[in-house]
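A.B. asks: File name structure-v3.csv; file contents CSV, C-alpha atoms and all ligand atoms; full text below.
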chain,number,residue,atom,x,y,z
T,293,MET,CA,-25.3,-242.4,130.3
T,294,LYS,CA,-23.9,-241.0,127.1
T,295,ARG,CA,-20.9,-238.8,127.8
T,296,SER,CA,-19.3,-236.9,125.0
T,297,PHE,CA,-17.5,-233.7,124.8
T,298,ILE,CA,-14.9,-232.0,122.9
T,299,THR,CA,-11.6,-233.1,124.2
T,300,MET,CA,-10.0,-230.2,126.0
T,301,ARG,CA,-6.8,-230.6,124.1
T,302,THR,CA,-8.5,-230.7,120.7
T,303,VAL,CA,-6.9,-227.8,118.9
T,304,LEU,CA,-9.4,-226.6,116.3
T,305,VAL,CA,-7.9,-223.3,115.5
T,306,VAL,CA,-4.2,-222.8,115.6
T,307,LEU,CA,-3.2,-219.3,114.9
T,308,LEU,CA,0.5,-219.1,115.1
T,309,ALA,CA,2.4,-216.0,114.5
T,310,LEU,CA,5.9,-217.1,114.8
T,311,ALA,CA,7.3,-214.5,112.4
T,312,CYS,CA,8.4,-211.3,113.9
T,313,VAL,CA,7.1,-208.3,112.0
T,314,ALA,CA,9.9,-205.9,112.2
T,315,GLY,CA,9.0,-202.4,113.3
T,316,THR,CA,5.4,-203.3,114.5
T,317,ALA,CA,4.5,-201.0,117.3
T,318,PHE,CA,2.7,-202.1,120.5
T,319,ALA,CA,-0.8,-200.7,120.3
T,320,GLY,CA,-0.7,-198.8,123.5
T,321,GLY,CA,3.0,-198.3,123.9
T,322,GLY,CA,4.1,-200.3,126.9
T,323,ARG,CA,7.8,-200.9,127.1
T,324,GLU,CA,9.8,-198.5,129.1
T,325,GLU,CA,12.8,-197.0,127.5
T,326,GLY,CA,15.8,-199.3,127.8
T,327,ASP,CA,13.7,-202.5,128.1
T,328,ALA,CA,15.1,-205.2,126.0
T,329,ALA,CA,12.7,-206.8,123.4
T,330,PRO,CA,12.0,-210.4,124.3
T,331,SER,CA,14.5,-212.7,122.8
T,332,GLY,CA,13.1,-215.6,120.7
T,333,PRO,CA,9.5,-216.3,120.0
T,334,VAL,CA,7.0,-216.4,122.9
T,335,ARG,CA,4.3,-218.9,122.3
T,336,LEU,CA,1.2,-218.5,124.5
T,337,ASN,CA,-2.0,-220.5,124.5
T,338,MET,CA,-5.5,-219.5,125.6
T,339,GLY,CA,-8.3,-221.7,126.7
T,340,GLY,CA,-11.4,-220.7,124.7
T,341,GLY,CA,-14.7,-222.5,125.1
T,342,TRP,CA,-17.3,-224.1,122.9
T,343,VAL,CA,-16.8,-223.9,119.1
T,344,THR,CA,-20.4,-222.9,118.9
T,345,GLY,CA,-20.1,-220.4,121.7
T,346,VAL,CA,-18.7,-216.9,122.1
T,347,TYR,CA,-15.4,-217.5,124.0
T,348,PHE,CA,-14.0,-219.2,120.9
T,349,PRO,CA,-14.4,-216.3,118.5
T,350,MET,CA,-13.3,-213.8,121.2
T,351,ALA,CA,-10.2,-215.8,121.9
T,352,GLY,CA,-9.6,-216.0,118.1
T,353,ALA,CA,-9.9,-212.2,117.9
T,354,MET,CA,-7.3,-211.9,120.7
T,355,SER,CA,-5.0,-214.2,118.8
T,356,ARG,CA,-5.3,-212.0,115.8
T,357,ILE,CA,-4.5,-208.9,117.9
T,358,VAL,CA,-1.4,-210.6,119.3
T,359,HIS,CA,-0.4,-211.6,115.8
T,360,THR,CA,-0.6,-208.0,114.5
T,361,GLN,CA,0.4,-206.0,117.5
T,362,MET,CA,3.0,-208.0,119.5
T,363,ASP,CA,6.4,-208.6,118.1
T,364,ASN,CA,7.6,-212.2,118.4
T,365,VAL,CA,4.5,-213.4,120.4
T,366,SER,CA,1.9,-215.9,119.2
T,367,LEU,CA,-1.3,-217.0,120.9
T,368,THR,CA,-2.9,-220.3,120.1
T,369,VAL,CA,-6.5,-220.9,120.9
T,370,GLU,CA,-7.9,-224.2,122.2
T,371,SER,CA,-11.6,-225.2,122.4
T,372,SER,CA,-12.8,-226.8,125.6
T,373,GLY,CA,-15.8,-227.4,127.8
T,374,ALA,CA,-14.9,-224.0,129.1
T,375,SER,CA,-14.8,-222.4,132.6
T,376,VAL,CA,-14.1,-225.3,135.0
T,377,VAL,CA,-11.7,-227.2,132.7
T,378,ASN,CA,-10.0,-224.0,131.7
T,379,SER,CA,-9.4,-223.3,135.4
T,380,ASN,CA,-7.9,-226.7,136.0
T,381,LEU,CA,-5.6,-226.2,133.0
T,382,ILE,CA,-4.4,-222.9,134.4
T,383,ARG,CA,-3.6,-224.7,137.7
T,384,SER,CA,-1.6,-227.4,135.9
T,385,GLY,CA,0.2,-224.8,133.8
T,386,ASP,CA,-1.1,-226.2,130.6
T,387,LEU,CA,-2.8,-222.9,129.8
T,388,ASP,CA,-1.2,-219.5,129.9
T,389,MET,CA,-4.6,-217.6,129.6
T,390,ALA,CA,-8.2,-218.6,129.5
T,391,ILE,CA,-11.7,-217.2,129.2
T,392,VAL,CA,-13.9,-218.2,132.2
T,393,GLN,CA,-17.0,-217.1,133.9
T,394,ASN,CA,-16.4,-214.7,136.8
T,395,ASP,CA,-18.3,-217.0,139.3
T,396,VAL,CA,-16.2,-220.0,138.3
T,397,ALA,CA,-13.0,-217.8,138.6
T,398,TYR,CA,-13.9,-217.0,142.1
T,399,TYR,CA,-14.7,-220.6,143.0
T,400,ALA,CA,-11.4,-221.7,141.4
T,401,PHE,CA,-9.2,-219.2,143.1
T,402,ASN,CA,-10.8,-219.7,146.5
T,403,GLY,CA,-11.0,-223.5,146.2
T,404,THR,CA,-14.7,-223.5,147.0
T,405,GLY,CA,-18.2,-223.7,145.4
T,406,VAL,CA,-17.5,-226.4,142.9
T,407,ALA,CA,-16.4,-230.0,143.7
T,408,ALA,CA,-13.5,-229.8,141.3
T,409,PHE,CA,-11.9,-227.0,143.3
T,410,ASP,CA,-12.7,-228.2,146.8
T,411,GLY,CA,-9.3,-228.3,148.6
T,412,ASN,CA,-7.8,-227.8,145.2
T,413,ALA,CA,-7.7,-224.0,144.7
T,414,VAL,CA,-6.3,-222.6,141.4
T,415,SER,CA,-4.2,-220.2,143.4
T,416,ASN,CA,-2.0,-219.2,140.4
T,417,MET,CA,-5.0,-217.8,138.5
T,418,ARG,CA,-5.0,-214.0,138.1
T,419,GLY,CA,-7.5,-211.6,136.6
T,420,LEU,CA,-6.9,-209.6,133.4
T,421,PHE,CA,-10.3,-208.1,132.6
T,422,THR,CA,-14.0,-208.8,132.5
T,423,MET,CA,-15.8,-208.8,129.2
T,424,TYR,CA,-19.6,-209.2,128.8
T,425,PRO,CA,-22.6,-210.7,130.5
T,426,GLU,CA,-23.4,-214.4,129.9
T,427,PRO,CA,-27.0,-215.1,130.6
T,428,VAL,CA,-28.0,-218.5,131.9
T,429,GLN,CA,-30.2,-219.6,129.0
T,430,LEU,CA,-32.5,-222.5,129.7
T,431,ILE,CA,-33.7,-223.6,126.3
T,432,ALA,CA,-36.6,-226.0,125.9
T,433,ARG,CA,-38.5,-227.4,122.9
T,434,ALA,CA,-41.5,-225.2,122.4
T,435,ASP,CA,-43.8,-228.3,122.6
T,436,SER,CA,-42.2,-229.5,125.9
T,437,GLY,CA,-44.6,-227.6,128.2
T,438,ILE,CA,-41.6,-226.4,130.2
T,439,SER,CA,-42.2,-222.8,131.4
T,440,SER,CA,-40.3,-222.6,134.6
T,441,PRO,CA,-37.2,-224.3,136.2
T,442,SER,CA,-39.5,-226.5,138.4
T,443,ASP,CA,-41.0,-228.0,135.3
T,444,LEU,CA,-37.7,-229.7,134.7
T,445,ALA,CA,-38.8,-232.4,137.3
T,446,GLY,CA,-39.1,-235.7,135.5
T,447,ARG,CA,-37.7,-234.4,132.2
T,448,ARG,CA,-34.5,-235.1,130.2
T,449,VAL,CA,-32.1,-232.2,130.5
T,450,ALA,CA,-28.7,-231.4,129.1
T,451,ILE,CA,-27.0,-229.6,132.0
T,452,GLY,CA,-24.0,-228.2,130.2
T,453,PRO,CA,-20.8,-229.6,128.8
T,454,LEU,CA,-18.5,-231.5,131.1
T,455,GLY,CA,-16.2,-229.0,132.7
T,456,SER,CA,-18.4,-226.0,131.8
T,457,GLY,CA,-19.5,-223.1,133.9
T,458,ALA,CA,-22.9,-223.7,132.4
T,459,GLU,CA,-23.1,-227.0,134.4
T,460,VAL,CA,-22.3,-225.1,137.6
T,461,ASN,CA,-25.1,-222.7,136.8
T,462,ALA,CA,-27.5,-225.5,135.8
T,463,ILE,CA,-27.0,-227.2,139.2
T,464,GLU,CA,-27.6,-223.9,141.0
T,465,VAL,CA,-30.8,-223.3,139.0
T,466,LEU,CA,-32.0,-226.8,139.9
T,467,GLN,CA,-31.2,-226.2,143.5
T,468,VAL,CA,-33.3,-223.1,143.8
T,469,ALA,CA,-36.1,-225.0,142.1
T,470,GLY,CA,-35.8,-227.6,144.8
T,471,LEU,CA,-34.5,-230.2,142.4
T,472,THR,CA,-31.4,-232.4,142.2
T,473,GLU,CA,-30.1,-234.4,139.2
T,474,GLY,CA,-32.0,-237.4,140.7
T,475,ASP,CA,-35.3,-235.6,140.1
T,476,LEU,CA,-34.7,-235.5,136.4
T,477,ALA,CA,-35.6,-238.4,134.0
T,478,GLY,CA,-32.2,-238.1,132.3
T,479,VAL,CA,-29.1,-235.9,132.7
T,480,GLU,CA,-26.7,-235.3,129.8
T,481,ARG,CA,-23.4,-233.5,129.8
T,482,LEU,CA,-22.8,-232.9,126.1
T,483,ALA,CA,-20.7,-230.5,124.1
T,484,ALA,CA,-22.9,-227.5,123.4
T,485,GLY,CA,-23.5,-228.3,119.7
T,486,GLU,CA,-24.4,-231.8,120.6
T,487,ALA,CA,-26.9,-230.7,123.3
T,488,ALA,CA,-28.6,-228.6,120.6
T,489,ASP,CA,-28.7,-231.6,118.3
T,490,PHE,CA,-30.3,-233.7,121.1
T,491,LEU,CA,-32.9,-231.0,121.7
T,492,ARG,CA,-33.7,-230.8,118.0
T,493,ASP,CA,-34.0,-234.7,117.8
T,494,GLY,CA,-36.2,-234.8,121.0
T,495,ARG,CA,-33.6,-236.8,122.9
T,496,VAL,CA,-33.7,-234.1,125.6
T,497,ASP,CA,-36.5,-231.7,126.5
T,498,ALA,CA,-34.3,-228.8,127.6
T,499,ALA,CA,-30.7,-227.7,127.7
T,500,PHE,CA,-28.7,-225.2,129.7
T,501,PHE,CA,-26.3,-222.8,128.0
T,502,THR,CA,-24.5,-220.0,129.8
T,503,VAL,CA,-23.3,-218.0,126.9
T,504,ALA,CA,-23.5,-214.5,125.5
T,505,ILE,CA,-26.7,-213.3,124.0
T,506,GLY,CA,-26.9,-214.5,120.4
T,507,GLY,CA,-24.5,-217.4,120.9
T,508,ALA,CA,-24.4,-219.4,117.6
T,509,VAL,CA,-25.4,-222.7,119.4
T,510,ILE,CA,-28.8,-221.2,120.3
T,511,ALA,CA,-29.2,-219.0,117.3
T,512,ASP,CA,-28.7,-221.9,114.9
T,513,LEU,CA,-31.0,-224.2,116.8
T,514,ALA,CA,-33.8,-221.7,116.8
T,515,VAL,CA,-33.8,-221.6,113.0
T,516,SER,CA,-34.6,-225.3,112.7
T,517,GLN,CA,-36.6,-226.0,115.9
T,518,ASP,CA,-39.2,-224.0,117.7
T,519,ILE,CA,-37.7,-223.2,121.1
T,520,VAL,CA,-38.5,-221.2,124.2
T,521,VAL,CA,-36.1,-219.4,126.5
T,522,VAL,CA,-37.5,-220.5,129.8
T,523,PRO,CA,-37.7,-217.5,132.2
T,524,ILE,CA,-35.5,-217.7,135.3
T,525,THR,CA,-37.1,-214.8,137.0
T,526,GLY,CA,-39.1,-213.8,140.1
T,527,GLU,CA,-38.5,-216.1,143.1
T,528,TYR,CA,-35.9,-218.2,141.1
T,529,ALA,CA,-33.8,-215.1,140.1
T,530,GLU,CA,-34.0,-213.8,143.7
T,531,ALA,CA,-33.0,-217.1,145.2
T,532,LEU,CA,-30.0,-217.3,142.7
T,533,ILE,CA,-28.9,-213.8,143.5
T,534,ASP,CA,-29.1,-214.6,147.2
T,535,LEU,CA,-27.2,-217.8,146.8
T,536,ARG,CA,-24.3,-216.4,144.7
T,537,PRO,CA,-23.4,-212.7,144.4
T,538,PHE,CA,-22.2,-213.2,140.8
T,539,TYR,CA,-25.7,-213.3,139.4
T,540,ALA,CA,-27.5,-210.3,138.1
T,541,THR,CA,-30.8,-210.1,136.2
T,542,ALA,CA,-30.6,-210.0,132.4
T,543,THR,CA,-33.0,-209.6,129.5
T,544,ILE,CA,-32.7,-211.4,126.2
T,545,PRO,CA,-34.3,-209.0,123.7
T,546,GLU,CA,-37.0,-210.2,121.4
T,547,GLY,CA,-35.7,-211.2,118.0
T,548,THR,CA,-32.3,-212.4,119.4
T,549,TYR,CA,-33.4,-215.9,118.3
T,550,ASN,CA,-35.9,-216.8,115.6
T,551,ASN,CA,-39.5,-216.5,117.0
T,552,VAL,CA,-38.4,-216.1,120.6
T,553,PRO,CA,-40.0,-213.2,122.5
T,554,GLU,CA,-38.2,-211.1,125.1
T,555,SER,CA,-37.2,-213.2,128.1
T,556,GLU,CA,-35.8,-212.6,131.6
T,557,THR,CA,-33.0,-214.6,133.2
T,558,VAL,CA,-29.9,-214.2,135.3
T,559,ALA,CA,-26.4,-213.7,134.0
T,560,VAL,CA,-22.7,-213.9,135.2
T,561,LEU,CA,-19.8,-212.3,133.4
T,562,ALA,CA,-17.2,-213.6,131.0
T,563,MET,CA,-13.6,-212.6,131.9
T,564,VAL,CA,-10.0,-213.3,130.8
T,565,VAL,CA,-7.6,-214.8,133.3
T,566,ALA,CA,-3.9,-215.6,133.1
T,567,ASN,CA,-1.4,-217.8,134.8
T,568,GLU,CA,0.5,-215.9,137.5
T,569,SER,CA,3.8,-217.2,136.0
T,570,LEU,CA,3.5,-215.0,132.9
T,571,SER,CA,5.8,-211.9,133.1
T,572,ALA,CA,4.3,-208.6,134.0
T,573,ASP,CA,5.8,-207.0,130.9
T,574,LEU,CA,4.2,-209.6,128.6
T,575,VAL,CA,0.7,-209.2,130.2
T,576,TYR,CA,1.0,-205.5,130.2
T,577,ASP,CA,1.8,-205.6,126.5
T,578,PHE,CA,-1.1,-207.9,125.9
T,579,MET,CA,-3.5,-205.6,127.8
T,580,SER,CA,-2.3,-202.6,125.8
T,581,ALA,CA,-2.7,-204.5,122.5
T,582,VAL,CA,-6.2,-205.7,123.3
T,583,PHE,CA,-7.5,-202.4,124.6
T,584,GLY,CA,-5.9,-200.6,121.7
T,585,ASN,CA,-7.8,-202.8,119.3
T,586,LEU,CA,-11.2,-203.5,120.7
T,587,ASN,CA,-12.7,-203.2,117.3
T,588,THR,CA,-11.2,-206.6,116.5
T,589,LEU,CA,-13.3,-208.1,119.4
T,590,SER,CA,-16.5,-206.3,118.3
T,591,SER,CA,-16.1,-207.5,114.7
T,592,ALA,CA,-15.8,-211.1,116.0
T,593,HIS,CA,-19.2,-211.2,117.8
T,594,ALA,CA,-21.7,-208.6,118.9
T,595,ALA,CA,-20.8,-209.5,122.6
T,596,GLY,CA,-17.4,-208.0,121.9
T,597,ARG,CA,-18.9,-204.6,121.7
T,598,MET,CA,-19.5,-204.8,125.4
T,599,VAL,CA,-15.8,-205.1,126.2
T,600,THR,CA,-14.7,-201.6,127.3
T,601,LEU,CA,-11.9,-200.1,129.4
T,602,GLU,CA,-14.5,-198.4,131.6
T,603,THR,CA,-16.2,-201.7,132.6
T,604,ALA,CA,-13.1,-204.0,132.5
T,605,LEU,CA,-12.9,-204.2,136.3
T,606,ASP,CA,-16.6,-204.6,137.0
T,607,GLY,CA,-17.3,-207.9,138.7
T,608,MET,CA,-13.6,-208.8,138.9
T,609,PRO,CA,-13.6,-211.6,141.5
T,610,ILE,CA,-9.9,-212.4,141.9
T,611,PRO,CA,-6.6,-210.5,142.3
T,612,LEU,CA,-5.2,-208.9,139.1
T,613,HIS,CA,-2.1,-210.1,137.4
T,614,ALA,CA,0.8,-207.7,138.1
T,615,GLY,CA,0.8,-206.7,134.4
T,616,ALA,CA,-2.9,-205.9,134.4
T,617,GLU,CA,-2.5,-204.0,137.6
T,618,ARG,CA,0.2,-201.8,136.0
T,619,PHE,CA,-2.0,-201.3,132.9
T,620,PHE,CA,-5.1,-200.3,134.9
T,621,SER,CA,-3.1,-198.0,137.2
T,622,GLU,CA,-1.7,-196.2,134.2
T,623,GLN,CA,-5.2,-195.7,133.1
T,624,GLY,CA,-6.1,-194.2,136.4
T,625,MET,CA,-8.3,-197.1,137.3
T,626,GLN,CA,-6.4,-198.6,140.3
T,701,LIG,N1,-19.8,-219.8,129.7
T,701,LIG,C1,-19.6,-221.1,129.1
T,701,LIG,C2,-19.0,-222.0,130.2
T,701,LIG,O1,-18.0,-221.7,130.8
T,701,LIG,C3,-18.8,-221.0,127.8
T,701,LIG,C4,-19.5,-220.2,126.8
T,701,LIG,C5,-18.7,-220.0,125.5
T,701,LIG,O2,-17.9,-220.9,125.1
T,701,LIG,O3,-18.9,-219.0,124.9
T,701,LIG,O4,-19.5,-223.0,130.4
Can you dump the structure from the file as C-alpha cells?

C.D. replies:
Amino acid sequence: MKRSFITMRTVLVVLLALACVAGTAFAGGGREEGDAAPSGPVRLNMGGGWVTGVYFPMAGAMSRIVHTQMDNVSLTVESSGASVVNSNLIRSGDLDMAIVQNDVAYYAFNGTGVAAFDGNAVSNMRGLFTMYPEPVQLIARADSGISSPSDLAGRRVAIGPLGSGAEVNAIEVLQVAGLTEGDLAGVERLAAGEAADFLRDGRVDAAFFTVAIGGAVIADLAVSQDIVVVPITGEYAEALIDLRPFYATATIPEGTYNNVPESETVAVLAMVVANESLSADLVYDFMSAVFGNLNTLSSAHAAGRMVTLETALDGMPIPLHAGAERFFSEQGMQ
C-alpha cells in the first residue's frame, strides 16, 4: 500500500515575529494595570493542517495577527495531516496550539473514539474557540457511478490523510454504510493534494475530505476533473448523527465547485485548542488579538467569515483554557 503524507514537522510557512514593535497595543486590551510585560521573546507554534486545506491559511492569519498585535510574541505555523496528529503533538508538548475538528478534540481529551487516543487521552488539551463547519465531502469521479456511500464497496478510496480527522469521519461513514476497509478494493491514506491527484489520474475512484466549503484541494480538482460530491444524506446522515453528536447536516451550495450542483452532507466544526501549560495571560491576549481582528481571518478564506464571538462557544466539546475562560467571561459569555 502506498503511504505518503506531509511530514508533521515539515515547516512550510515560518512566520516569525521576533522583533518587538514598541508601543503596539493589544487589540482588545488585556493586561491589567501593573502587569509586567513578558520578558524576552515568546515563540509559539500552531499545528495547521493540509497546505491545500483551510486550517493552514487560518493559522497563517492568526500568525499575522500575533505578529501585528502582540508585543514580543511570535506564532509559527506547521502543516500536518491535521486533527489526530495535531492532538498527539499537543499531548507531547510539541505544539502550543492547534486547529482540530471538534469531534476529534472530544475523542482526544476523553481518550476514546479513535484508536490513537484509547487509553492515551490528551488531557492537557484545552479549548479556545470554535470556528466554522467542516462538511464531510466525499468526492468521486463523475464517471465512477458512485452516488451513495454504499457504492464505495469494491472501489478504490482515499480515506483521508494519515492522522487526519477526515479519516475518522471516513471510517464512520463506511460504518453507517455497513462497510469496513476490507470491503474496499483499495484504501489510500494520502496527503490531501495527493488524494486529489490520484482521483484525477484514476488511481482512486473517490476521496474523503473533511474541510471547509470551498477548500482549495476540491476547488482546484473540480477545474480539471469532472467530479461529484456524493450526498451523505437521508438514512446515512441520520445514522451518523445518531452515532456521534458532533455531526450536523450541511449543504454545499451550487457553484462552490466547478459544475457541481448543490449537495447535502454532514459536518463537524473546526476549532482552536491550546496546551494547558500556556499562561492564562498569554492565551487571554491571544484571544483578544484574534477577536479584535477577525477581518484578517475573513480575508484569508471565506470560511473565516464564519468565525464570530457570538458562535465561538457553539459545539465546544472540551474544557476551556483559563485564558479563554477569562476572555469569554469578560464578554459576558460564561
Ligand atoms: N479537517 C481536516 C482534518 O482534520 C483538516 C482540514 C484542513 O486542513 O483545512 O482532517

A.B. asks: Show me which residues sit within 6 Å of ligand LIG 701 (chain T) when counting all atoms listed in the file, and put them as a list in words.

C.D. replies: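 Using all atoms listed in the file, everything at most 6 Å from ligand LIG 701 (chain T) comes to Gly341, Trp342, Gly345, Val346, Tyr347, Phe348, Ala374, Ser375, Val392, Gln393, Ser456, Gly457, Ala458, Thr502 and Val503 of chain T.
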
A.B. asks: Using only C-alpha atoms, what table do you get, as a Markdown table, when you list each residue of range 357-443 of chain T with an atom no more than 9 Å from range 471-484 of chain T, its nearest pair of atoms, and their distance in Å rounded to one decimal, rows by chain then rising number?

C.D. replies:
| residue | atom | partner | partner_atom | distance |
| --- | --- | --- | --- | --- |
| T:Ser372 | CA | T:Ala483 | CA | 8.9 |
| T:Gly373 | CA | T:Ala483 | CA | 6.9 |
| T:Pro441 | CA | T:Leu471 | CA | 9.0 |
| T:Ser442 | CA | T:Leu471 | CA | 7.4 |

A.B. asks: Just the number, please: distance in Å from CA of Val521 in chain T to CA of Arg536 in chain T, one decimal.

C.D. replies: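 Calculated distance between CA of Val521 in chain T and CA of Arg536 in chain T is 21.9 Å.
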
A.B. asks: Using Å and a single decimal, report how far CA of Gly455 in chain T sits from CA of Ile438 in chain T.

C.D. replies: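 CA of Gly455 in chain T lies 25.7 Å from CA of Ile438 in chain T.
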
A.B. asks: Write out as JSON lines the residues of range 344-436 of chain T that have any atom within 10 Å of an atom of range 616-624 of chain T, one row each with the nearest atom pair and its distance in Å to one decimal, counting only C-alpha atoms, sorted by chain and then rising number.

C.D. replies:
{"residue": "T:Arg418", "atom": "CA", "partner": "T:Ala616", "partner_atom": "CA", "distance": 9.1}
{"residue": "T:Gly419", "atom": "CA", "partner": "T:Ala616", "partner_atom": "CA", "distance": 7.6}
{"residue": "T:Leu420", "atom": "CA", "partner": "T:Ala616", "partner_atom": "CA", "distance": 5.5}
{"residue": "T:Phe421", "atom": "CA", "partner": "T:Ala616", "partner_atom": "CA", "distance": 7.9}

A.B. asks: Let me make sure I understand: among T:Met338, T:Leu367, T:Ala529, T:Leu513, which one has the smallest atom-to-atom distance to Ala542 in chain T if we use only C-alpha atoms?

C.D. replies: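 Checking each candidate against Ala542 in chain T, we get T:Ala529 as the closest.
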
A.B. asks: Range 592-604 of chain T: which residues within 9 Å, counting only C-alpha atoms, same-chain residues fewer than 6 positions away excluded, as a PDB file with C-alpha atoms, keeping the file's coordinate frame?

C.D. replies:
ATOM      1  CA  VAL T 346     -18.700-216.900 122.100  1.00  0.00           C
ATOM      2  CA  PRO T 349     -14.400-216.300 118.500  1.00  0.00           C
ATOM      3  CA  MET T 350     -13.300-213.800 121.200  1.00  0.00           C
ATOM      4  CA  GLY T 352      -9.600-216.000 118.100  1.00  0.00           C
ATOM      5  CA  ALA T 353      -9.900-212.200 117.900  1.00  0.00           C
ATOM      6  CA  LEU T 420      -6.900-209.600 133.400  1.00  0.00           C
ATOM      7  CA  PHE T 421     -10.300-208.100 132.600  1.00  0.00           C
ATOM      8  CA  THR T 422     -14.000-208.800 132.500  1.00  0.00           C
ATOM      9  CA  MET T 423     -15.800-208.800 129.200  1.00  0.00           C
ATOM     10  CA  TYR T 424     -19.600-209.200 128.800  1.00  0.00           C
ATOM     11  CA  PRO T 425     -22.600-210.700 130.500  1.00  0.00           C
ATOM     12  CA  ALA T 504     -23.500-214.500 125.500  1.00  0.00           C
ATOM     13  CA  ILE T 505     -26.700-213.300 124.000  1.00  0.00           C
ATOM     14  CA  GLY T 506     -26.900-214.500 120.400  1.00  0.00           C
ATOM     15  CA  GLY T 507     -24.500-217.400 120.900  1.00  0.00           C
ATOM     16  CA  MET T 563     -13.600-212.600 131.900  1.00  0.00           C
ATOM     17  CA  PHE T 583      -7.500-202.400 124.600  1.00  0.00           C
ATOM     18  CA  LEU T 586     -11.200-203.500 120.700  1.00  0.00           C
ATOM     19  CA  PHE T 620      -5.100-200.300 134.900  1.00  0.00           C
ATOM     20  CA  GLN T 623      -5.200-195.700 133.100  1.00  0.00           C
ATOM     21  CA  MET T 625      -8.300-197.100 137.300  1.00  0.00           C
TER      22      MET T 625
END

A.B. asks: Work out how far CA of Thr557 in chain T is from CA of Val396 in chain T, in Å to one decimal.

C.D. replies: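 Value for the CA of Val396 in chain T-CA of Thr557 in chain T distance: 18.4 Å.
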
A.B. asks: Quick one: of T:Val449, T:Leu430, T:Val465, T:Met579, who's nearest to Ile519 in chain T, counting only C-alpha atoms?

C.D. replies: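 The answer is T:Leu430, which sits nearest to Ile519 in chain T.
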
A.B. asks: May I have the residues within 10 Å of Ala397 in chain T as a list of chain:residue names, using all atoms listed in the file and disregarding those fewer than 2 positions away in the same chain?

C.D. replies: T:Ser375, T:Val376, T:Asn378, T:Ser379, T:Ile391, T:Val392, T:Gln393, T:Asn394, T:Asp395, T:Tyr399, T:Ala400, T:Phe401, T:Asn402, T:Gly403, T:Val414, T:Met417, T:Arg418, T:Gly419, T:Gly457, T:Ala562, T:Met563, T:Val564, T:Val565, T:Met608, T:Pro609, T:Ile610

A.B. asks: Identify which of the residues T:Asn412, T:Gly584, T:Arg383, T:Glu426 lies closest to Ile544 in chain T, counting all atoms listed in the file when measuring atom-to-atom distances.

C.D. replies: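 Answer, going by the shortest atom-to-atom distance: T:Glu426.
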
A.B. asks: Nearest to Gly340 in chain T: which of T:Ser371, T:Ser571, T:Thr525, T:Asn364 is it, counting all atoms listed in the file?

C.D. replies: T:Ser371

A.B. asks: Restricting the calculation to all atoms listed in the file, which member of T:Val460, T:Val343, T:Ala498, T:Leu336 is positioned closest to Gly485 in chain T?

C.D. replies: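 Result for the nearest residue to Gly485 in chain T: T:Val343.
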
A.B. asks: Here is a test: counting only C-alpha atoms, which residue of T:Ser591, T:Ser384, T:Asn585, T:Thr360 is nearest to Glu568 in chain T?

C.D. replies: T:Ser384

A.B. asks: Neighbours of Phe500 in chain T within 6 Å (all atoms listed in the file; same-chain residues fewer than 2 positions away dropped), as a PyMOL selection string?

C.D. replies: chain T and resi 429-430+451-452

A.B. asks: Which polymer residues have any atom within 8 Å of an atom of range 493-495 of chain T, counting all atoms listed in the file, with same-chain residues fewer than 3 positions away left out, as a list in words?

C.D. replies: Arg433, Arg448, Asp489 and Phe490 of chain T
